[in-house]
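> Take this structure first; my questions come after.
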Amino acid sequence: MAGAEGFVEADNAEAIMIRIEHKTRKIESLLKQCKPVEALKTALEGTHAMTRDERCKSAHWIVVHRALMAIKDVDGMLSSLDPEYYDILMKYLYKGLATGDRPTCDQCLRIHEKLTEKAGFGCILRHLADTVNTV
């Protein structure tokens, strides 16, 4: 895990926001083409860029949320998703559950159940133990 020195400085927050805007347009295009799995993959890519800027985190959550809510075939999504994304996805599922929004929580719980079956409990434990790389 990276320490605090690995976080993006506030002056780079604008660059991150521009990347998120580009990602949003790409995801919307994929969703219009009925490609929700590709949209989710795109949303999860690059989430390793650490920042403490809540505006960036919030904007990225909106992008991931949009893709998550479009997923209908959870098993199909997980079988085509690279295992390297499992931990990142788990972080966003817990973020979704924290919203308290009923449709979001329902979708996150559906995905959480299948992801836990596929990736195991280590995925949950890594999320709970990682206090540095928050989403």
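Ordering of the structure tokens sets the chain letters (A, B, ...); residue numbers start at 1 within each chain; ligands are numbered from 1 in the order shown.
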Tell me which protein, DNA and RNA residues are within 8 Å of segment 59-61 of chain A, counting only C-alpha atoms, leaving out same-chain ones fewer than 3 positions away, and put them as a PyMOL selection string.
chain A and resi 17+20+43+55-56+64-65+92+135
> Check the smallest atom-to-atom distance from each of A:Leu30, A:Val63, A:Leu68, A:Met90 to Lys118 of chain A using only C-alpha atoms, then report the winner.
A:Met90
> In Å, how far is it from atom CA of Ala98 of chain A to atom CA of Glu54 of chain A?
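Interatomic distance, atom CA of Ala98 of chain A to atom CA of Glu54 of chain A: 15.6 Å.
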> I'd like the neighbourhood of segment 104-113 of chain A as a list in words, where a residue qualifies if any of its atoms comes within 7 Å (using only C-alpha atoms), though same-chain residues fewer than 3 positions away should be ignored.
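The residues satisfying every condition are Met69, Val74, Leu93, Gly96, Leu97, Gly100, Asp101, Thr116 and Glu117 of chain A.
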> Create the file for the chosen residues now, containing all heavy atoms and written as an mmCIF file, in the first residue's frame.

```cif
data_model
loop_
_atom_site.group_PDB
_atom_site.id
_atom_site.type_symbol
_atom_site.label_atom_id
_atom_site.label_comp_id
_atom_site.auth_asym_id
_atom_site.auth_seq_id
_atom_site.Cartn_x
_atom_site.Cartn_y
_atom_site.Cartn_z
ATOM 1 N N MET A 69 -25.275 0.323 -12.141
ATOM 2 C CA MET A 69 -26.731 0.226 -12.206
ATOM 3 C C MET A 69 -27.210 -0.333 -13.543
ATOM 4 O O MET A 69 -28.343 -0.802 -13.650
ATOM 5 C CB MET A 69 -27.371 1.582 -11.917
ATOM 6 C CG MET A 69 -27.116 2.088 -10.502
ATOM 7 S SD MET A 69 -27.604 0.934 -9.201
ATOM 8 C CE MET A 69 -29.374 1.075 -9.289
ATOM 9 N N VAL A 74 -25.187 -10.334 -13.758
ATOM 10 C CA VAL A 74 -24.058 -10.241 -12.832
ATOM 11 C C VAL A 74 -23.050 -11.358 -13.081
ATOM 12 O O VAL A 74 -21.841 -11.117 -13.099
ATOM 13 C CB VAL A 74 -24.546 -10.255 -11.363
ATOM 14 C CG1 VAL A 74 -23.377 -10.241 -10.401
ATOM 15 C CG2 VAL A 74 -25.466 -9.073 -11.102
ATOM 16 N N LEU A 93 -18.776 -1.300 -4.205
ATOM 17 C CA LEU A 93 -20.017 -1.906 -3.718
ATOM 18 C C LEU A 93 -20.313 -1.432 -2.301
ATOM 19 O O LEU A 93 -21.460 -1.092 -1.978
ATOM 20 C CB LEU A 93 -19.940 -3.432 -3.773
ATOM 21 C CG LEU A 93 -19.876 -4.039 -5.169
ATOM 22 C CD1 LEU A 93 -19.734 -5.557 -5.073
ATOM 23 C CD2 LEU A 93 -21.087 -3.660 -5.999
ATOM 24 N N GLY A 96 -21.523 2.051 -2.422
ATOM 25 C CA GLY A 96 -22.920 2.063 -2.829
ATOM 26 C C GLY A 96 -23.853 1.688 -1.696
ATOM 27 O O GLY A 96 -24.916 2.290 -1.521
ATOM 28 N N LEU A 97 -23.465 0.696 -0.914
ATOM 29 C CA LEU A 97 -24.287 0.302 0.233
ATOM 30 C C LEU A 97 -24.382 1.419 1.262
ATOM 31 O O LEU A 97 -25.408 1.570 1.931
ATOM 32 C CB LEU A 97 -23.719 -0.968 0.874
ATOM 33 C CG LEU A 97 -23.858 -2.241 0.044
ATOM 34 C CD1 LEU A 97 -23.043 -3.373 0.659
ATOM 35 C CD2 LEU A 97 -25.319 -2.636 -0.095
ATOM 36 N N GLY A 100 -27.390 4.235 1.179
ATOM 37 C CA GLY A 100 -28.717 4.031 1.740
ATOM 38 C C GLY A 100 -29.830 4.110 0.708
ATOM 39 O O GLY A 100 -30.998 3.923 1.025
ATOM 40 N N ASP A 101 -29.476 4.377 -0.539
ATOM 41 C CA ASP A 101 -30.454 4.440 -1.623
ATOM 42 C C ASP A 101 -30.909 3.025 -1.963
ATOM 43 O O ASP A 101 -30.086 2.169 -2.275
ATOM 44 C CB ASP A 101 -29.814 5.117 -2.844
ATOM 45 C CG ASP A 101 -30.702 5.130 -4.053
ATOM 46 O OD1 ASP A 101 -31.814 5.695 -3.973
ATOM 47 O OD2 ASP A 101 -30.298 4.549 -5.082
ATOM 48 N N THR A 116 -18.520 -12.224 -4.010
ATOM 49 C CA THR A 116 -17.963 -12.970 -2.885
ATOM 50 C C THR A 116 -17.850 -14.455 -3.230
ATOM 51 O O THR A 116 -16.855 -15.104 -2.882
ATOM 52 C CB THR A 116 -18.821 -12.772 -1.622
ATOM 53 O OG1 THR A 116 -18.899 -11.366 -1.349
ATOM 54 C CG2 THR A 116 -18.201 -13.468 -0.423
ATOM 55 N N GLU A 117 -18.848 -14.993 -3.922
ATOM 56 C CA GLU A 117 -18.776 -16.391 -4.358
ATOM 57 C C GLU A 117 -17.590 -16.616 -5.286
ATOM 58 O O GLU A 117 -16.896 -17.624 -5.201
ATOM 59 C CB GLU A 117 -20.059 -16.787 -5.101
ATOM 60 C CG GLU A 117 -21.263 -16.967 -4.226
ATOM 61 C CD GLU A 117 -22.536 -17.216 -5.031
ATOM 62 O OE1 GLU A 117 -22.469 -17.418 -6.264
ATOM 63 O OE2 GLU A 117 -23.622 -17.196 -4.416
#
```
> Find the distance between atom CA of Ser79 of chain A and atom CA of Glu38 of chain A and write it in Å to one decimal.
12.4 Å
> With distances taken over only C-alpha atoms, which of A:Lys91, A:Ile71, A:Thr51, A:His127 is nearest to Glu14 of chain A?
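Selected residue with least distance to Glu14 of chain A: A:Thr51.
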> For atom CA of Val37 of chain A and atom CA of Asn12 of chain A, determine how far apart the two atoms are, in Å to one decimal place.
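That distance, rounded to one decimal, is 29.2 Å.
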> A:Ala70, A:Ala15, A:Leu89, A:Leu40: which is nearest Lys114 of chain A, counting only C-alpha atoms?
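Closest candidate: A:Leu89.
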> Which is closest to Asp53 of chain A among A:Ile16, A:Leu125, A:Ala119, A:Leu81, if we use only C-alpha atoms?
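Closest candidate: A:Ile16.
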> Please extract the residues of segment 53-126 of chain A with a backbone DSSP assignment of alpha helix (DSSP H) and present them as number ranges by chain.
A: 54-70, 74-80, 86-99, 102-119, 122-126
> Would you output that residue set with C-alpha atoms, as an mmCIF file, in the first residue's frame?

```cif
data_model
loop_
_atom_site.group_PDB
_atom_site.id
_atom_site.type_symbol
_atom_site.label_atom_id
_atom_site.label_comp_id
_atom_site.auth_asym_id
_atom_site.auth_seq_id
_atom_site.Cartn_x
_atom_site.Cartn_y
_atom_site.Cartn_z
ATOM 1 C CA GLU A 54 -13.573 14.604 -2.243
ATOM 2 C CA ARG A 55 -14.818 16.286 -5.414
ATOM 3 C CA CYS A 56 -12.778 13.826 -7.512
ATOM 4 C CA LYS A 57 -13.901 10.854 -5.438
ATOM 5 C CA SER A 58 -17.527 11.925 -5.726
ATOM 6 C CA ALA A 59 -17.306 12.459 -9.487
ATOM 7 C CA HIS A 60 -15.702 9.064 -9.959
ATOM 8 C CA TRP A 61 -18.350 7.380 -7.799
ATOM 9 C CA ILE A 62 -21.050 8.852 -10.044
ATOM 10 C CA VAL A 63 -19.349 7.318 -13.080
ATOM 11 C CA VAL A 64 -18.976 3.901 -11.447
ATOM 12 C CA HIS A 65 -22.533 4.055 -10.080
ATOM 13 C CA ARG A 66 -23.933 4.712 -13.543
ATOM 14 C CA ALA A 67 -22.151 1.641 -14.907
ATOM 15 C CA LEU A 68 -23.040 -0.548 -11.906
ATOM 16 C CA MET A 69 -26.731 0.226 -12.206
ATOM 17 C CA ALA A 70 -26.734 -0.824 -15.874
ATOM 18 C CA VAL A 74 -24.058 -10.241 -12.832
ATOM 19 C CA ASP A 75 -22.612 -13.690 -13.539
ATOM 20 C CA GLY A 76 -21.740 -12.693 -17.103
ATOM 21 C CA MET A 77 -20.177 -9.460 -15.880
ATOM 22 C CA LEU A 78 -18.001 -11.240 -13.320
ATOM 23 C CA SER A 79 -16.883 -13.903 -15.772
ATOM 24 C CA SER A 80 -15.686 -11.255 -18.214
ATOM 25 C CA TYR A 86 -12.463 -7.555 -7.986
ATOM 26 C CA ASP A 87 -11.020 -5.609 -5.038
ATOM 27 C CA ILE A 88 -11.761 -2.268 -6.673
ATOM 28 C CA LEU A 89 -15.307 -3.356 -7.431
ATOM 29 C CA MET A 90 -15.774 -4.482 -3.816
ATOM 30 C CA LYS A 91 -14.748 -1.020 -2.594
ATOM 31 C CA TYR A 92 -17.378 0.591 -4.794
ATOM 32 C CA LEU A 93 -20.017 -1.906 -3.718
ATOM 33 C CA TYR A 94 -19.504 -0.881 -0.103
ATOM 34 C CA LYS A 95 -19.605 2.761 -1.115
ATOM 35 C CA GLY A 96 -22.920 2.063 -2.829
ATOM 36 C CA LEU A 97 -24.287 0.302 0.233
ATOM 37 C CA ALA A 98 -23.318 3.309 2.342
ATOM 38 C CA THR A 99 -25.570 5.574 0.277
ATOM 39 C CA ARG A 102 -32.727 1.408 -2.040
ATOM 40 C CA PRO A 103 -32.132 0.665 -5.763
ATOM 41 C CA THR A 104 -28.382 1.195 -5.362
ATOM 42 C CA CYS A 105 -28.223 -1.018 -2.268
ATOM 43 C CA ASP A 106 -30.266 -3.740 -3.965
ATOM 44 C CA GLN A 107 -27.938 -3.778 -6.971
ATOM 45 C CA CYS A 108 -24.802 -3.644 -4.816
ATOM 46 C CA LEU A 109 -26.033 -6.554 -2.687
ATOM 47 C CA ARG A 110 -26.789 -8.651 -5.785
ATOM 48 C CA ILE A 111 -23.305 -8.027 -7.134
ATOM 49 C CA HIS A 112 -21.695 -8.417 -3.688
ATOM 50 C CA GLU A 113 -23.163 -11.893 -3.273
ATOM 51 C CA LYS A 114 -21.884 -13.102 -6.651
ATOM 52 C CA LEU A 115 -18.515 -11.364 -6.282
ATOM 53 C CA THR A 116 -17.963 -12.970 -2.885
ATOM 54 C CA GLU A 117 -18.776 -16.391 -4.358
ATOM 55 C CA LYS A 118 -16.302 -15.808 -7.193
ATOM 56 C CA ALA A 119 -13.482 -13.938 -5.418
ATOM 57 C CA GLY A 122 -10.349 -12.122 0.967
ATOM 58 C CA CYS A 123 -11.852 -9.492 -1.289
ATOM 59 C CA ILE A 124 -13.974 -8.214 1.605
ATOM 60 C CA LEU A 125 -11.112 -8.376 4.091
ATOM 61 C CA ARG A 126 -8.777 -6.450 1.794
#
```
